[in-house]
file start07.tsv (TSV, C-alpha atoms and all ligand atoms)
chain	number	residue	atom	x	y	z
K	195	MET	CA	40.87	27.15	-25.67
K	196	ILE	CA	44.60	28.05	-25.57
K	197	ASN	CA	46.79	26.30	-23.02
K	198	LEU	CA	50.35	27.52	-22.48
K	199	VAL	CA	53.22	26.65	-20.17
K	200	LEU	CA	55.82	29.27	-19.19
K	201	LEU	CA	59.12	27.59	-18.43
K	202	GLY	CA	62.22	29.30	-17.05
K	203	PRO	CA	64.42	29.66	-13.97
K	204	PRO	CA	63.33	31.65	-10.91
K	205	GLY	CA	63.47	35.34	-11.78
K	206	SER	CA	63.09	34.78	-15.53
K	207	GLY	CA	59.86	36.78	-15.54
K	208	LYS	CA	57.27	34.01	-15.81
K	209	GLY	CA	54.85	35.64	-13.39
K	210	THR	CA	55.12	39.09	-15.00
K	211	GLN	CA	54.63	37.70	-18.51
K	212	ALA	CA	51.80	35.42	-17.38
K	213	ARG	CA	49.93	38.46	-16.10
K	214	ILE	CA	50.41	40.25	-19.43
K	215	LEU	CA	49.14	37.23	-21.40
K	216	MET	CA	46.26	36.91	-18.97
K	217	SER	CA	45.02	40.43	-19.64
K	218	ARG	CA	45.73	40.31	-23.39
K	219	LEU	CA	44.22	36.90	-24.17
K	220	GLY	CA	41.81	36.45	-21.28
K	221	LEU	CA	43.60	33.33	-20.10
K	222	ALA	CA	43.57	32.20	-16.46
K	223	GLN	CA	46.99	32.22	-14.76
K	224	LEU	CA	47.68	29.11	-12.71
K	225	SER	CA	50.78	29.71	-10.59
K	226	THR	CA	51.59	26.92	-8.14
K	227	GLY	CA	53.98	29.31	-6.35
K	228	ASP	CA	51.10	31.77	-5.76
K	229	MET	CA	48.76	28.95	-4.68
K	230	LEU	CA	51.32	27.68	-2.17
K	231	ARG	CA	51.94	31.20	-0.82
K	232	GLU	CA	48.17	31.66	-0.43
K	233	ALA	CA	48.01	28.40	1.52
K	234	GLN	CA	50.82	29.70	3.76
K	235	ALA	CA	49.12	33.06	4.29
K	236	SER	CA	45.81	31.41	5.21
K	237	GLY	CA	47.55	29.29	7.85
K	238	SER	CA	46.05	26.04	6.47
K	239	GLU	CA	47.50	22.59	7.19
K	240	LEU	CA	48.95	22.53	3.66
K	241	GLY	CA	50.50	25.96	4.23
K	242	ARG	CA	52.24	24.77	7.39
K	243	GLN	CA	53.44	21.61	5.65
K	244	VAL	CA	55.15	23.48	2.79
K	245	SER	CA	56.58	26.52	4.61
K	246	GLU	CA	60.00	25.12	5.44
K	247	ILE	CA	60.41	23.46	2.06
K	248	ILE	CA	59.73	26.73	0.23
K	249	ALA	CA	61.96	28.78	2.53
K	250	ARG	CA	64.85	26.38	1.81
K	251	GLY	CA	64.28	26.65	-1.94
K	252	ASP	CA	63.43	22.95	-2.38
K	253	LEU	CA	60.57	21.67	-4.51
K	254	VAL	CA	57.27	20.76	-2.85
K	255	SER	CA	56.18	17.15	-3.55
K	256	ASP	CA	54.66	16.30	-6.92
K	257	ASP	CA	51.47	14.97	-5.25
K	258	ILE	CA	50.75	18.30	-3.57
K	259	VAL	CA	51.21	20.53	-6.62
K	260	ILE	CA	49.50	18.11	-9.01
K	261	GLY	CA	46.55	18.08	-6.60
K	262	LEU	CA	46.40	21.91	-6.63
K	263	ILE	CA	46.42	22.04	-10.43
K	264	ALA	CA	43.93	19.17	-10.85
K	265	GLU	CA	41.36	21.10	-8.80
K	266	ARG	CA	41.57	24.00	-11.27
K	267	VAL	CA	41.88	22.23	-14.62
K	268	SER	CA	38.63	20.26	-14.63
K	269	ASP	CA	36.72	23.18	-16.16
K	270	SER	CA	37.12	23.68	-19.91
K	271	SER	CA	34.65	26.55	-20.30
K	272	GLY	CA	37.23	29.41	-20.14
K	273	ALA	CA	39.57	30.88	-22.78
K	274	GLY	CA	42.44	28.69	-21.51
K	275	PHE	CA	45.21	28.47	-18.95
K	276	ILE	CA	48.73	29.79	-18.52
K	277	PHE	CA	50.72	27.47	-16.32
K	278	ASP	CA	53.38	29.47	-14.49
K	279	GLY	CA	55.84	27.52	-12.33
K	280	PHE	CA	54.17	24.23	-13.19
K	281	PRO	CA	55.21	21.64	-14.32
K	282	ARG	CA	58.63	21.61	-12.65
K	283	THR	CA	59.41	17.87	-12.90
K	284	LEU	CA	58.86	15.19	-15.54
K	285	ALA	CA	56.21	13.54	-13.32
K	286	GLN	CA	54.32	16.86	-13.15
K	287	ALA	CA	54.57	17.24	-16.93
K	288	ASP	CA	53.08	13.77	-17.47
K	289	ALA	CA	50.29	14.56	-14.99
K	290	LEU	CA	49.51	17.84	-16.76
K	291	GLY	CA	49.32	16.02	-20.10
K	292	GLU	CA	46.75	13.61	-18.65
K	293	LEU	CA	44.66	16.36	-17.03
K	294	LEU	CA	44.49	18.30	-20.30
K	295	ASN	CA	43.67	15.17	-22.31
K	296	ARG	CA	40.73	14.60	-20.01
K	297	ILE	CA	39.26	17.99	-20.98
K	298	SER	CA	40.30	17.38	-24.64
K	299	HIS	CA	42.42	20.57	-24.79
K	300	PRO	CA	46.11	19.60	-24.93
K	301	LEU	CA	48.93	22.14	-24.59
K	302	ASN	CA	49.33	24.52	-27.54
K	303	ALA	CA	52.87	25.64	-26.71
K	304	VAL	CA	55.59	25.82	-24.06
K	305	VAL	CA	57.48	29.10	-23.88
K	306	GLU	CA	61.00	28.78	-22.53
K	307	ILE	CA	62.15	32.16	-21.20
K	308	ARG	CA	65.96	32.35	-21.37
K	309	VAL	CA	67.86	34.56	-18.94
K	310	ASP	CA	71.47	34.21	-17.79
K	311	ALA	CA	72.30	33.46	-14.15
K	312	ASP	CA	73.76	36.90	-13.25
K	313	ALA	CA	70.61	38.67	-14.36
K	314	LEU	CA	68.50	36.28	-12.25
K	315	VAL	CA	70.29	37.19	-9.04
K	316	GLU	CA	69.95	40.91	-9.76
K	317	ARG	CA	66.26	40.60	-10.60
K	318	ILE	CA	65.33	38.49	-7.62
K	319	SER	CA	67.21	40.48	-5.03
K	320	GLY	CA	65.41	43.68	-6.14
K	321	ARG	CA	61.90	42.36	-6.53
K	322	PHE	CA	58.84	42.95	-4.37
K	323	THR	CA	55.15	42.28	-4.80
K	324	CYS	CA	51.89	43.98	-3.92
K	325	GLY	CA	50.34	41.87	-1.16
K	326	SER	CA	46.89	42.93	-2.26
K	327	CYS	CA	46.72	42.40	-6.07
K	328	GLY	CA	49.95	40.47	-6.74
K	329	GLU	CA	51.56	43.00	-9.12
K	330	VAL	CA	55.33	42.41	-9.27
K	331	TYR	CA	57.83	45.32	-9.03
K	332	HIS	CA	61.60	45.77	-9.09
K	333	LYS	CA	63.46	48.48	-7.20
K	334	SER	CA	65.33	49.75	-10.30
K	335	ASN	CA	63.75	48.07	-13.39
K	336	LYS	CA	60.10	48.55	-12.52
K	337	PRO	CA	59.49	50.79	-9.51
K	338	PRO	CA	55.93	51.90	-8.73
K	339	ALA	CA	55.17	55.53	-9.73
K	340	GLN	CA	54.86	56.47	-6.06
K	341	GLU	CA	57.29	54.73	-3.72
K	342	GLY	CA	55.65	52.02	-1.62
K	343	VAL	CA	52.25	52.32	-3.33
K	344	CYS	CA	50.91	49.84	-5.90
K	345	ASP	CA	50.20	51.42	-9.33
K	346	ILE	CA	47.38	48.97	-9.99
K	347	CYS	CA	45.35	48.88	-6.79
K	348	GLY	CA	46.77	51.65	-4.58
K	349	SER	CA	47.66	49.31	-1.71
K	350	SER	CA	50.76	50.09	0.36
K	351	ASP	CA	51.15	46.46	1.44
K	352	MET	CA	54.40	45.81	-0.47
K	353	ARG	CA	56.08	42.48	0.34
K	354	HIS	CA	59.45	40.87	-0.19
K	355	ARG	CA	59.39	37.06	-0.41
K	356	ASP	CA	61.15	35.06	2.35
K	357	ASP	CA	62.72	32.78	-0.25
K	358	ASP	CA	64.19	35.71	-2.23
K	359	ASN	CA	67.51	35.57	-0.38
K	360	GLU	CA	70.86	34.35	-1.69
K	361	THR	CA	70.94	30.91	-0.04
K	362	SER	CA	67.41	29.91	-1.08
K	363	LEU	CA	67.93	31.35	-4.53
K	364	ARG	CA	71.02	29.21	-5.07
K	365	GLN	CA	69.00	26.14	-4.05
K	366	ARG	CA	66.07	27.14	-6.31
K	367	LEU	CA	68.48	27.45	-9.24
K	368	THR	CA	69.96	24.01	-8.49
K	369	GLU	CA	66.47	22.50	-8.37
K	370	TYR	CA	65.67	24.22	-11.66
K	371	TYR	CA	68.73	22.94	-13.52
K	372	GLN	CA	68.45	19.40	-12.04
K	373	LYS	CA	64.73	18.74	-12.12
K	374	THR	CA	62.99	21.29	-14.33
K	375	SER	CA	65.39	21.90	-17.24
K	376	PRO	CA	64.89	18.30	-18.54
K	377	LEU	CA	61.40	19.50	-19.50
K	378	ILE	CA	63.00	21.57	-22.26
K	379	GLY	CA	63.95	18.33	-24.06
K	380	TYR	CA	60.64	16.70	-23.17
K	381	TYR	CA	58.60	19.47	-24.81
K	382	TYR	CA	61.04	19.95	-27.69
K	383	ALA	CA	60.47	16.30	-28.61
K	384	LYS	CA	56.72	16.91	-28.62
K	385	GLY	CA	57.19	19.86	-31.00
K	386	LEU	CA	55.78	22.32	-28.43
K	387	LEU	CA	58.87	24.30	-27.41
K	388	ARG	CA	59.28	28.00	-28.34
K	389	ASP	CA	62.35	29.69	-26.89
K	390	VAL	CA	62.32	33.38	-26.19
K	391	ASP	CA	65.02	35.86	-25.11
K	392	GLY	CA	64.01	36.94	-21.62
K	393	LEU	CA	66.61	39.69	-21.19
K	394	GLY	CA	65.56	43.28	-21.74
K	395	GLU	CA	62.50	45.28	-20.82
K	396	VAL	CA	59.23	43.70	-19.76
K	397	GLU	CA	57.47	45.03	-22.88
K	398	SER	CA	60.11	43.76	-25.30
K	399	VAL	CA	60.02	40.27	-23.73
K	400	ALA	CA	56.22	40.36	-24.05
K	401	GLU	CA	56.68	41.20	-27.74
K	402	ASN	CA	59.17	38.31	-28.18
K	403	ILE	CA	56.60	35.95	-26.66
K	404	ARG	CA	53.83	37.29	-28.86
K	405	LYS	CA	55.96	36.71	-31.98
K	406	ALA	CA	57.05	33.23	-30.88
K	407	LEU	CA	53.42	32.23	-30.32
K	408	ARG	CA	52.13	34.09	-33.39
K	409	LEU	CA	49.21	35.26	-31.25
O	1	LIG	P1	60.21	31.05	-8.51
O	1	LIG	O1	59.89	30.66	-9.93
O	1	LIG	O2	60.54	32.50	-8.38
O	1	LIG	O3	61.23	30.18	-7.85
O	1	LIG	P2	57.53	30.29	-7.53
O	1	LIG	O4	56.72	31.36	-6.95
O	1	LIG	O5	57.09	29.69	-8.81
O	1	LIG	O6	58.96	30.92	-7.60
O	1	LIG	O7	57.70	29.09	-6.47
O	1	LIG	C1	58.16	29.31	-5.15
O	1	LIG	C2	58.40	27.97	-4.45
O	1	LIG	O8	57.18	27.20	-4.39
O	1	LIG	C3	59.40	27.02	-5.15
O	1	LIG	O9	60.74	27.32	-4.81
O	1	LIG	C4	58.93	25.66	-4.61
O	1	LIG	O10	59.35	25.44	-3.29
O	1	LIG	C5	57.42	25.81	-4.57
O	1	LIG	N1	56.79	25.38	-5.86
O	1	LIG	C6	56.09	26.18	-6.71
O	1	LIG	N2	55.65	25.47	-7.77
O	1	LIG	C7	56.09	24.18	-7.60
O	1	LIG	C8	55.99	22.99	-8.36
O	1	LIG	N3	55.34	22.95	-9.54
O	1	LIG	N4	56.57	21.86	-7.86
O	1	LIG	C9	57.20	21.87	-6.69
O	1	LIG	N5	57.35	22.97	-5.93
O	1	LIG	C10	56.81	24.13	-6.37

call {"tool": "encode", "arguments": {"input": "start07.tsv", "output": "structure tokens"}}
result
Amino acid sequence: MINLVLLGPPGSGKGTQARILMSRLGLAQLSTGDMLREAQASGSELGRQVSEIIARGDLVSDDIVIGLIAERVSDSSGAGFIFDGFPRTLAQADALGELLNRISHPLNAVVEIRVDADALVERISGRFTCGSCGEVYHKSNKPPAQEGVCDICGSSDMRHRDDDNETSLRQRLTEYYQKTSPLIGYYYAKGLLRDVDGLGEVESVAENIRKALRL
């Protein structure tokens, strides 16, 4: 089993790279952002509870996201997990360590994807997602072959996230630098950190990650 964490600010490309690793290594992608958006779309009690928090760009409580991950990490029969957007606080990182100890498969590595702040704003303001299969696009860096139609599944249900606006993005970046970036030191001290240049084309970042992980 290979267990990896992708760490980086909003817009750094965690989701895109997680999907590449998923298809290359057969790992399961666990994205708390996707899980929370699914809860919102299904209209569940949890979805209603987190809607405003997400729209503002604040972090959802540790208890909620740890609960979502715990439900998925009890099974150690697969090839492994890629954690994308989790952990985002030191408490979440401790909880993840305990969950993985329980299945006797600790983290193999934490990939920190580095991207400067200007690039983040440009990437996030241009991004949209297929509502059907989750493929992520960008209006200039990665447009679909046919405008408005997903290359992967053919759906024309393209969506722009509510929290991909300037005010929420600024708040998401503040949350990242205050609460999540301390995890860089936390994982460095454990000898797990691999930093990767996240600027440049999707394929070249994927190659940087492959080299950093020696996989
Ligand atoms: P991004 O990395 O682009 O900001 P995500 O899709 O990972 O986006 O997350 C969207 C929102 O969901 C976050 O801004 C936050 O409100 C909530 N969220 C996702 N994961 C977590 C987490 N691990 N802890 C707390 N809140 C989270």

call {"tool": "atom_distance", "arguments": {"input": "start07.tsv", "atom1": "CA of Ala249 (chain K)", "atom2": "CA of Gln234 (chain K)"}}
result
11.2 Å

call {"tool": "residues_around", "arguments": {"input": "start07.tsv", "residues": "region 210-222 of chain K", "least_positions_apart": "4", "cutoff": "7 Å", "atoms": "only C-alpha atoms", "output": "number ranges by chain"}}
result
K: 273-276, 278, 330, 400

call {"tool": "residues_near_ligand", "arguments": {"input": "start07.tsv", "ligand": "ligand LIG 1 (chain O)", "cutoff": "6 Å", "atoms": "only C-alpha atoms and all ligand atoms", "output": "list in words"}}
result
Pro204, Gly205, Thr226, Gly227, Asp228, Ile247, Ile248, Gly251, Asp252, Leu253, Val254, Ser255, Asp256, Val259, Gly279, Phe280, Pro281, Arg282 and Arg366 of chain K

call {"tool": "atom_distance", "arguments": {"input": "start07.tsv", "atom1": "CA of Ser298 (chain K)", "atom2": "CA of Ile378 (chain K)"}}
result
23.2 Å

call {"tool": "atom_distance", "arguments": {"input": "start07.tsv", "atom1": "CA of Pro203 (chain K)", "atom2": "CA of Tyr370 (chain K)"}}
result
6.0 Å

call {"tool": "closest_residue", "arguments": {"input": "start07.tsv", "among": "K:Leu224, K:Val199, K:Leu284, K:Ala339", "to": "Ser375 (chain K)", "atoms": "all atoms listed in the file"}}
result
K:Leu284

call {"tool": "residues_around", "arguments": {"input": "start07.tsv", "residues": "Ile263 (chain K)", "least_positions_apart": "2", "cutoff": "10 Å", "atoms": "only C-alpha atoms", "output": "list of chain:residue names"}}
result
K:Leu224, K:Ser225, K:Thr226, K:Met229, K:Ile258, K:Val259, K:Ile260, K:Gly261, K:Glu265, K:Arg266, K:Val267, K:Ser268, K:Phe277, K:Phe280, K:Pro281, K:Gln286, K:Ala289, K:Leu290, K:Leu293

call {"tool": "closest_residue", "arguments": {"input": "start07.tsv", "among": "K:Leu294, K:Glu306, K:Pro337, K:Gly328", "to": "Tyr382 (chain K)", "atoms": "all atoms listed in the file"}}
result
K:Glu306

call {"tool": "residues_around", "arguments": {"input": "start07.tsv", "residues": "Val390 (chain K)", "least_positions_apart": "6", "cutoff": "12 Å", "atoms": "all atoms listed in the file", "output": "list in words"}}
result
Leu200, Leu201, Gly202, Ser206, Gly207, Lys208, Gln211, Val304, Val305, Glu306, Ile307, Arg308, Val309, Ser398, Val399, Ala400, Glu401, Asn402, Ile403, Arg404, Lys405, Ala406 and Leu407 of chain K

call {"tool": "closest_residue", "arguments": {"input": "start07.tsv", "among": "K:Leu240, K:Ala287, K:Ile196, K:Ala264", "to": "Leu409 (chain K)", "atoms": "all atoms listed in the file"}}
result
K:Ile196

call {"tool": "residues_around", "arguments": {"input": "start07.tsv", "residues": "Gly348 (chain K)", "least_positions_apart": "6", "cutoff": "12 Å", "atoms": "all atoms listed in the file", "output": "list in words"}}
result
Cys324, Gly325, Ser326, Cys327, Gly328, Glu329, Pro338, Ala339, Gln340, Glu341 and Gly342 of chain K

call {"tool": "write_last_selection", "arguments": {"input": "start07.tsv", "atoms": "C-alpha atoms", "output": "JSON list (two decimals), in the coordinates of the input"}}
result
[["chain", "number", "residue", "atom", "x", "y", "z"],
["K", 324, "CYS", "CA", 51.89, 43.98, -3.92],
["K", 325, "GLY", "CA", 50.34, 41.87, -1.16],
["K", 326, "SER", "CA", 46.89, 42.93, -2.26],
["K", 327, "CYS", "CA", 46.72, 42.40, -6.07],
["K", 328, "GLY", "CA", 49.95, 40.47, -6.74],
["K", 329, "GLU", "CA", 51.56, 43.00, -9.12],
["K", 338, "PRO", "CA", 55.93, 51.90, -8.73],
["K", 339, "ALA", "CA", 55.17, 55.53, -9.73],
["K", 340, "GLN", "CA", 54.86, 56.47, -6.06],
["K", 341, "GLU", "CA", 57.29, 54.73, -3.72],
["K", 342, "GLY", "CA", 55.65, 52.02, -1.62]]

call {"tool": "residues_around", "arguments": {"input": "start07.tsv", "residues": "Leu363 (chain K)", "least_positions_apart": "3", "cutoff": "9 Å", "atoms": "all atoms listed in the file", "output": "list in words"}}
result
Pro204, Arg250, Gly251, Val315, Ile318, Asp357, Asp358, Asn359, Glu360, Arg366, Leu367 and Thr368 of chain K
